[in-house]
Amino acid sequence: DTGVSQNPRHKITKRGQNVTFRCDPISEHNRLYWYRQTLGQGPEFLTYFQNEAQLEKSRLLSDRFSAERPKGSFSTLEIQRTEQGDSAMYLCASSAGRHPTDTQYFGPGTRLTVL
Amino acid sequence: AQSVTQLDSQVPVFEEAPVELRCNYSSSVSVYLFWYVQYPNQGLQLLLKYLSGSTLVKGINGFEAEFNKSQTSFHLRKPSVHISDTAEYFCAVIWDTGFQKLVFGTGTRLLVSP
């Protein structure tokens with residue numbers, strides 16, 4: 001299977017702890033997106049990379065959140081000092097082209113629960 | 001403000017019946033329109049998209065949608081649903097202005113029963 005993969009699939013942590021999620025996009029996809037989805041809502045854009053460059057960040061992404069995509073392949077999303085409001089599904093997507101309308105392929109997500 | 005509205009949070013339907021899932025969006029500029037489906041424990045999958053051209057768009061699994069500019073709508077339809085169509089369906093929009101990103105609606109859960 002050459003789809004988008006995300007690890008871990010589930011993460012339970014205590015408030016104040018740091019967590020890191022990983023996303024492996026489809027090979028040679030140059031755009032990578034992170035979204036957050038809370039219960040009963042659609043995904044909300046967080047940030048995206050064009051190759052290794054992070055080109056846009058949502059205002060939803062507080063300074064406790066940081067994302068990287070070294071070498072333009074996999075990406076990590078780190079949340080420092082987690083809060084209960086960070087509990088959500090974190091989705092990763094990748095696309096092959098350079099236009100935002102190019103089809104985004106989504107991974108299964110990482111479900112974060114902050115106790 | 002840019003918004004996507006899916007008024008129906010849940011749509012129950014019997015197998016082999018037709019279904020329409022509604023999507024409306026705010027519009028002051030050109031838009032690009034998408035429907036995604038999310039099956040349990042799976043990633044979102046693109047059903048279809050409208051970028052330009054014919055306003056009737058056909059997608060995978062027998063779904064189609066029609067872009068109606070005057071109504072600012074992009075409703076999803078299927079003439080005959082199957083049990084396997086039970087899933088969450090999301091409408092999404094990209095406005096052709098500024099930073100272009102997918103903005104999703106809140107989703108509609110389609111429940112198909114025998």
# chains A, B, ... in the order shown; residues from 1 in each chain; ligands from 1
$ interface_residues --of "chain B" --to "chain A" --cutoff "8 Å" --atoms "only C-alpha atoms" --output "PDB file with all heavy atoms, in the first residue's frame"
ATOM      1  N   TYR B  32     -13.648  26.685  -6.138  1.00  0.00           N
ATOM      2  CA  TYR B  32     -13.425  25.312  -6.565  1.00  0.00           C
ATOM      3  C   TYR B  32     -14.112  24.447  -5.515  1.00  0.00           C
ATOM      4  O   TYR B  32     -14.009  24.714  -4.308  1.00  0.00           O
ATOM      5  CB  TYR B  32     -11.932  24.985  -6.632  1.00  0.00           C
ATOM      6  CG  TYR B  32     -11.140  25.950  -7.485  1.00  0.00           C
ATOM      7  CD1 TYR B  32     -10.296  26.892  -6.895  1.00  0.00           C
ATOM      8  CD2 TYR B  32     -11.215  25.913  -8.873  1.00  0.00           C
ATOM      9  CE1 TYR B  32      -9.570  27.779  -7.664  1.00  0.00           C
ATOM     10  CE2 TYR B  32     -10.487  26.792  -9.651  1.00  0.00           C
ATOM     11  CZ  TYR B  32      -9.670  27.726  -9.041  1.00  0.00           C
ATOM     12  OH  TYR B  32      -8.954  28.604  -9.814  1.00  0.00           O
ATOM     13  N   ASN B  41     -12.427   4.623  10.348  1.00  0.00           N
ATOM     14  CA  ASN B  41     -11.025   4.213  10.473  1.00  0.00           C
ATOM     15  C   ASN B  41     -10.247   4.319   9.166  1.00  0.00           C
ATOM     16  O   ASN B  41      -9.212   3.652   9.003  1.00  0.00           O
ATOM     17  CB  ASN B  41     -10.916   2.786  11.023  1.00  0.00           C
ATOM     18  CG  ASN B  41     -11.525   2.673  12.397  1.00  0.00           C
ATOM     19  OD1 ASN B  41     -11.280   3.510  13.260  1.00  0.00           O
ATOM     20  ND2 ASN B  41     -12.342   1.660  12.602  1.00  0.00           N
ATOM     21  N   GLN B  42     -10.721   5.137   8.241  1.00  0.00           N
ATOM     22  CA  GLN B  42     -10.014   5.359   6.998  1.00  0.00           C
ATOM     23  C   GLN B  42      -9.839   6.851   6.759  1.00  0.00           C
ATOM     24  O   GLN B  42     -10.542   7.671   7.351  1.00  0.00           O
ATOM     25  CB  GLN B  42     -10.769   4.738   5.815  1.00  0.00           C
ATOM     26  CG  GLN B  42     -10.864   3.219   5.858  1.00  0.00           C
ATOM     27  CD  GLN B  42     -11.495   2.672   4.597  1.00  0.00           C
ATOM     28  OE1 GLN B  42     -11.364   3.231   3.509  1.00  0.00           O
ATOM     29  NE2 GLN B  42     -12.187   1.554   4.733  1.00  0.00           N
ATOM     30  N   GLY B  43      -8.897   7.178   5.919  1.00  0.00           N
ATOM     31  CA  GLY B  43      -8.679   8.566   5.550  1.00  0.00           C
ATOM     32  C   GLY B  43      -9.753   9.083   4.622  1.00  0.00           C
ATOM     33  O   GLY B  43     -10.437   8.308   3.967  1.00  0.00           O
ATOM     34  N   LEU B  44      -9.877  10.387   4.541  1.00  0.00           N
ATOM     35  CA  LEU B  44     -10.823  10.980   3.603  1.00  0.00           C
ATOM     36  C   LEU B  44     -10.409  10.643   2.178  1.00  0.00           C
ATOM     37  O   LEU B  44      -9.232  10.635   1.843  1.00  0.00           O
ATOM     38  CB  LEU B  44     -10.861  12.508   3.752  1.00  0.00           C
ATOM     39  CG  LEU B  44     -11.609  13.058   4.947  1.00  0.00           C
ATOM     40  CD1 LEU B  44     -10.673  13.252   6.121  1.00  0.00           C
ATOM     41  CD2 LEU B  44     -12.252  14.393   4.582  1.00  0.00           C
ATOM     42  N   GLN B  45     -11.422  10.393   1.367  1.00  0.00           N
ATOM     43  CA  GLN B  45     -11.187  10.029  -0.028  1.00  0.00           C
ATOM     44  C   GLN B  45     -11.982  10.970  -0.926  1.00  0.00           C
ATOM     45  O   GLN B  45     -13.160  11.222  -0.664  1.00  0.00           O
ATOM     46  CB  GLN B  45     -11.638   8.586  -0.247  1.00  0.00           C
ATOM     47  CG  GLN B  45     -11.466   8.066  -1.654  1.00  0.00           C
ATOM     48  CD  GLN B  45     -11.972   6.646  -1.815  1.00  0.00           C
ATOM     49  OE1 GLN B  45     -12.571   6.072  -0.901  1.00  0.00           O
ATOM     50  NE2 GLN B  45     -11.747   6.063  -2.969  1.00  0.00           N
ATOM     51  N   LEU B  46     -11.345  11.475  -1.958  1.00  0.00           N
ATOM     52  CA  LEU B  46     -12.021  12.386  -2.865  1.00  0.00           C
ATOM     53  C   LEU B  46     -13.050  11.637  -3.698  1.00  0.00           C
ATOM     54  O   LEU B  46     -12.737  10.637  -4.338  1.00  0.00           O
ATOM     55  CB  LEU B  46     -11.002  13.059  -3.790  1.00  0.00           C
ATOM     56  CG  LEU B  46     -11.586  14.061  -4.785  1.00  0.00           C
ATOM     57  CD1 LEU B  46     -12.085  15.304  -4.044  1.00  0.00           C
ATOM     58  CD2 LEU B  46     -10.535  14.446  -5.821  1.00  0.00           C
ATOM     59  N   LEU B  51     -13.795  22.140 -10.960  1.00  0.00           N
ATOM     60  CA  LEU B  51     -12.816  23.223 -11.115  1.00  0.00           C
ATOM     61  C   LEU B  51     -13.311  24.240 -12.141  1.00  0.00           C
ATOM     62  O   LEU B  51     -13.181  25.455 -11.941  1.00  0.00           O
ATOM     63  CB  LEU B  51     -11.453  22.660 -11.518  1.00  0.00           C
ATOM     64  CG  LEU B  51     -10.834  21.634 -10.557  1.00  0.00           C
ATOM     65  CD1 LEU B  51      -9.456  21.204 -11.037  1.00  0.00           C
ATOM     66  CD2 LEU B  51     -10.762  22.175  -9.144  1.00  0.00           C
ATOM     67  N   PHE B  90     -18.150  14.963   3.338  1.00  0.00           N
ATOM     68  CA  PHE B  90     -17.748  16.342   3.573  1.00  0.00           C
ATOM     69  C   PHE B  90     -17.691  17.113   2.264  1.00  0.00           C
ATOM     70  O   PHE B  90     -17.062  16.669   1.302  1.00  0.00           O
ATOM     71  CB  PHE B  90     -16.370  16.403   4.234  1.00  0.00           C
ATOM     72  CG  PHE B  90     -16.336  15.891   5.635  1.00  0.00           C
ATOM     73  CD1 PHE B  90     -15.987  14.575   5.908  1.00  0.00           C
ATOM     74  CD2 PHE B  90     -16.650  16.732   6.704  1.00  0.00           C
ATOM     75  CE1 PHE B  90     -15.963  14.098   7.209  1.00  0.00           C
ATOM     76  CE2 PHE B  90     -16.624  16.257   8.006  1.00  0.00           C
ATOM     77  CZ  PHE B  90     -16.284  14.943   8.259  1.00  0.00           C
ATOM     78  N   ILE B  94     -12.527  25.728  -2.042  1.00  0.00           N
ATOM     79  CA  ILE B  94     -11.368  26.611  -2.121  1.00  0.00           C
ATOM     80  C   ILE B  94     -11.845  27.884  -2.807  1.00  0.00           C
ATOM     81  O   ILE B  94     -12.386  27.830  -3.923  1.00  0.00           O
ATOM     82  CB  ILE B  94     -10.206  25.989  -2.923  1.00  0.00           C
ATOM     83  CG1 ILE B  94      -9.642  24.767  -2.191  1.00  0.00           C
ATOM     84  CG2 ILE B  94      -9.109  27.021  -3.155  1.00  0.00           C
ATOM     85  CD1 ILE B  94      -8.531  24.057  -2.959  1.00  0.00           C
ATOM     86  N   GLN B 100      -5.039  30.019  -0.849  1.00  0.00           N
ATOM     87  CA  GLN B 100      -6.077  29.073  -1.208  1.00  0.00           C
ATOM     88  C   GLN B 100      -5.914  27.796  -0.406  1.00  0.00           C
ATOM     89  O   GLN B 100      -4.894  27.108  -0.508  1.00  0.00           O
ATOM     90  CB  GLN B 100      -6.032  28.786  -2.706  1.00  0.00           C
ATOM     91  CG  GLN B 100      -6.309  30.019  -3.544  1.00  0.00           C
ATOM     92  CD  GLN B 100      -6.172  29.767  -5.023  1.00  0.00           C
ATOM     93  OE1 GLN B 100      -5.745  28.699  -5.445  1.00  0.00           O
ATOM     94  NE2 GLN B 100      -6.553  30.740  -5.828  1.00  0.00           N
ATOM     95  N   LYS B 101      -6.897  27.459   0.399  1.00  0.00           N
ATOM     96  CA  LYS B 101      -6.874  26.258   1.205  1.00  0.00           C
ATOM     97  C   LYS B 101      -8.251  25.627   1.192  1.00  0.00           C
ATOM     98  O   LYS B 101      -9.262  26.295   0.961  1.00  0.00           O
ATOM     99  CB  LYS B 101      -6.493  26.599   2.648  1.00  0.00           C
ATOM    100  CG  LYS B 101      -7.502  27.503   3.340  1.00  0.00           C
ATOM    101  CD  LYS B 101      -7.121  27.829   4.768  1.00  0.00           C
ATOM    102  CE  LYS B 101      -8.200  28.680   5.401  1.00  0.00           C
ATOM    103  NZ  LYS B 101      -7.846  29.115   6.768  1.00  0.00           N
ATOM    104  N   LEU B 102      -8.300  24.325   1.441  1.00  0.00           N
ATOM    105  CA  LEU B 102      -9.568  23.620   1.543  1.00  0.00           C
ATOM    106  C   LEU B 102     -10.265  24.035   2.835  1.00  0.00           C
ATOM    107  O   LEU B 102      -9.672  23.952   3.912  1.00  0.00           O
ATOM    108  CB  LEU B 102      -9.337  22.110   1.582  1.00  0.00           C
ATOM    109  CG  LEU B 102      -9.235  21.344   0.267  1.00  0.00           C
ATOM    110  CD1 LEU B 102      -8.851  19.898   0.541  1.00  0.00           C
ATOM    111  CD2 LEU B 102     -10.532  21.399  -0.512  1.00  0.00           C
ATOM    112  N   VAL B 103     -11.513  24.455   2.714  1.00  0.00           N
ATOM    113  CA  VAL B 103     -12.345  24.734   3.877  1.00  0.00           C
ATOM    114  C   VAL B 103     -13.498  23.738   3.830  1.00  0.00           C
ATOM    115  O   VAL B 103     -14.252  23.694   2.861  1.00  0.00           O
ATOM    116  CB  VAL B 103     -12.874  26.176   3.879  1.00  0.00           C
ATOM    117  CG1 VAL B 103     -13.808  26.393   5.070  1.00  0.00           C
ATOM    118  CG2 VAL B 103     -11.717  27.164   3.927  1.00  0.00           C
ATOM    119  N   PHE B 104     -13.621  22.954   4.895  1.00  0.00           N
ATOM    120  CA  PHE B 104     -14.594  21.870   4.925  1.00  0.00           C
ATOM    121  C   PHE B 104     -15.867  22.290   5.648  1.00  0.00           C
ATOM    122  O   PHE B 104     -15.845  23.112   6.577  1.00  0.00           O
ATOM    123  CB  PHE B 104     -14.010  20.663   5.669  1.00  0.00           C
ATOM    124  CG  PHE B 104     -12.973  19.896   4.898  1.00  0.00           C
ATOM    125  CD1 PHE B 104     -11.647  20.298   4.912  1.00  0.00           C
ATOM    126  CD2 PHE B 104     -13.324  18.773   4.168  1.00  0.00           C
ATOM    127  CE1 PHE B 104     -10.690  19.591   4.198  1.00  0.00           C
ATOM    128  CE2 PHE B 104     -12.366  18.048   3.457  1.00  0.00           C
ATOM    129  CZ  PHE B 104     -11.047  18.464   3.474  1.00  0.00           C
ATOM    130  N   GLY B 105     -16.976  21.677   5.232  1.00  0.00           N
ATOM    131  CA  GLY B 105     -18.203  21.768   6.005  1.00  0.00           C
ATOM    132  C   GLY B 105     -18.131  20.829   7.196  1.00  0.00           C
ATOM    133  O   GLY B 105     -17.134  20.127   7.399  1.00  0.00           O
ATOM    134  N   THR B 106     -19.217  20.794   7.958  1.00  0.00           N
ATOM    135  CA  THR B 106     -19.238  19.989   9.178  1.00  0.00           C
ATOM    136  C   THR B 106     -19.566  18.532   8.923  1.00  0.00           C
ATOM    137  O   THR B 106     -19.510  17.714   9.825  1.00  0.00           O
ATOM    138  CB  THR B 106     -20.250  20.556  10.183  1.00  0.00           C
ATOM    139  OG1 THR B 106     -21.508  20.713   9.525  1.00  0.00           O
ATOM    140  CG2 THR B 106     -19.777  21.900  10.719  1.00  0.00           C
ATOM    141  N   GLY B 107     -19.914  18.198   7.695  1.00  0.00           N
ATOM    142  CA  GLY B 107     -20.141  16.805   7.330  1.00  0.00           C
ATOM    143  C   GLY B 107     -21.587  16.371   7.456  1.00  0.00           C
ATOM    144  O   GLY B 107     -22.366  16.930   8.228  1.00  0.00           O
TER     145      GLY B 107
END
$ select_by_dssp --residues "chain B" --states "helix (DSSP H, G or I)" --output "PyMOL selection string"
chain B and resi 60-62+83-85
$ write_last_selection --atoms "all heavy atoms" --output "compact mmCIF listing (two decimals), in the first residue's frame"
# COMPACT_ATOMS: atom_id res chain seq x y z
N ILE B 60 -16.59 9.03 -8.34
CA ILE B 60 -16.47 7.59 -8.14
C ILE B 60 -17.70 7.05 -7.43
O ILE B 60 -18.48 7.79 -6.84
CB ILE B 60 -15.20 7.25 -7.33
CG1 ILE B 60 -15.26 7.89 -5.94
CG2 ILE B 60 -13.96 7.71 -8.08
CD1 ILE B 60 -14.14 7.42 -5.02
N ASN B 61 -17.86 5.73 -7.51
CA ASN B 61 -18.93 5.01 -6.80
C ASN B 61 -20.33 5.48 -7.19
O ASN B 61 -21.25 5.36 -6.40
CB ASN B 61 -18.77 5.14 -5.28
CG ASN B 61 -17.44 4.59 -4.78
OD1 ASN B 61 -16.78 3.81 -5.47
ND2 ASN B 61 -17.03 5.02 -3.61
N GLY B 62 -20.49 6.01 -8.41
CA GLY B 62 -21.81 6.39 -8.90
C GLY B 62 -22.33 7.73 -8.41
O GLY B 62 -23.49 8.07 -8.66
N ILE B 83 -25.64 -0.30 0.96
CA ILE B 83 -25.25 -0.33 2.37
C ILE B 83 -23.83 0.20 2.54
O ILE B 83 -23.53 0.93 3.49
CB ILE B 83 -25.33 -1.76 2.94
CG1 ILE B 83 -26.76 -2.30 2.87
CG2 ILE B 83 -24.79 -1.82 4.37
CD1 ILE B 83 -27.69 -1.73 3.91
N SER B 84 -22.97 -0.13 1.60
CA SER B 84 -21.56 0.26 1.69
C SER B 84 -21.34 1.76 1.55
O SER B 84 -20.22 2.24 1.77
CB SER B 84 -20.74 -0.48 0.62
OG SER B 84 -21.23 -0.17 -0.68
N ASP B 85 -22.35 2.50 1.17
CA ASP B 85 -22.23 3.96 1.08
C ASP B 85 -22.35 4.63 2.45
O ASP B 85 -22.18 5.85 2.56
CB ASP B 85 -23.30 4.53 0.13
CG ASP B 85 -23.06 4.14 -1.31
OD1 ASP B 85 -21.88 4.07 -1.72
OD2 ASP B 85 -24.06 3.89 -2.03
$ select_by_dssp --residues "chain B" --states "strand (DSSP E or B)" --output "count of residues only"
57
$ closest_residue --among "B:Ser73, B:Ser113, B:Gln38, B:Ser52" --to "Ser3 in chain B" --atoms "only C-alpha atoms"
B:Ser73
$ residues_around --residues "Leu32 in chain A" --least-positions-apart "4" --cutoff "8 Å" --atoms "only C-alpha atoms" --output "VMD selection string"
chain A and resid 25 48 to 51 75 92 to 95
$ write_last_selection --atoms "N, CA and C atoms" --output "compact mmCIF listing (two decimals), in the first residue's frame"
# COMPACT_ATOMS: atom_id res chain seq x y z
N PRO A 25 4.10 10.82 3.55
CA PRO A 25 3.24 11.07 2.39
C PRO A 25 3.46 10.03 1.30
N TYR A 48 0.97 23.84 5.78
CA TYR A 48 1.37 23.01 4.66
C TYR A 48 2.80 23.28 4.25
N PHE A 49 3.37 22.28 3.60
CA PHE A 49 4.74 22.34 3.11
C PHE A 49 4.75 22.13 1.60
N GLN A 50 5.59 22.89 0.96
CA GLN A 50 5.94 22.63 -0.43
C GLN A 50 7.37 22.12 -0.37
N ASN A 51 7.55 20.85 -0.63
CA ASN A 51 8.84 20.19 -0.37
C ASN A 51 9.20 20.43 1.11
N SER A 75 6.97 14.16 7.53
CA SER A 75 6.78 15.37 8.33
C SER A 75 6.44 14.98 9.76
N CYS A 92 -3.14 14.15 8.09
CA CYS A 92 -2.10 14.54 7.16
C CYS A 92 -2.58 14.21 5.75
N ALA A 93 -2.22 15.04 4.80
CA ALA A 93 -2.58 14.79 3.40
C ALA A 93 -1.41 15.19 2.53
N SER A 94 -1.31 14.57 1.37
CA SER A 94 -0.27 14.97 0.44
C SER A 94 -0.86 15.08 -0.96
N SER A 95 -0.18 15.88 -1.79
CA SER A 95 -0.62 16.01 -3.18
C SER A 95 0.61 16.12 -4.07
$ closest_atom_pairs --of "range 35-57 of chain B" --to "range 74-82 of chain B" --cutoff "10 Å" --atoms "only C-alpha atoms" --output "Markdown table"
| residue | atom | partner | partner_atom | distance |
| --- | --- | --- | --- | --- |
| B:Trp35 | CA | B:Leu76 | CA | 7.7 |
| B:Leu47 | CA | B:Leu76 | CA | 9.7 |
| B:Leu48 | CA | B:Leu76 | CA | 9.4 |
| B:Lys49 | CA | B:Phe74 | CA | 9.8 |
| B:Tyr50 | CA | B:Phe74 | CA | 9.0 |
| B:Thr55 | CA | B:Phe74 | CA | 9.3 |
| B:Leu56 | CA | B:Phe74 | CA | 9.5 |
| B:Val57 | CA | B:Leu76 | CA | 9.5 |
$ atom_distance --atom1 "CA of Ala88 in chain A" --atom2 "CA of Leu55 in chain A"
23.4 Å
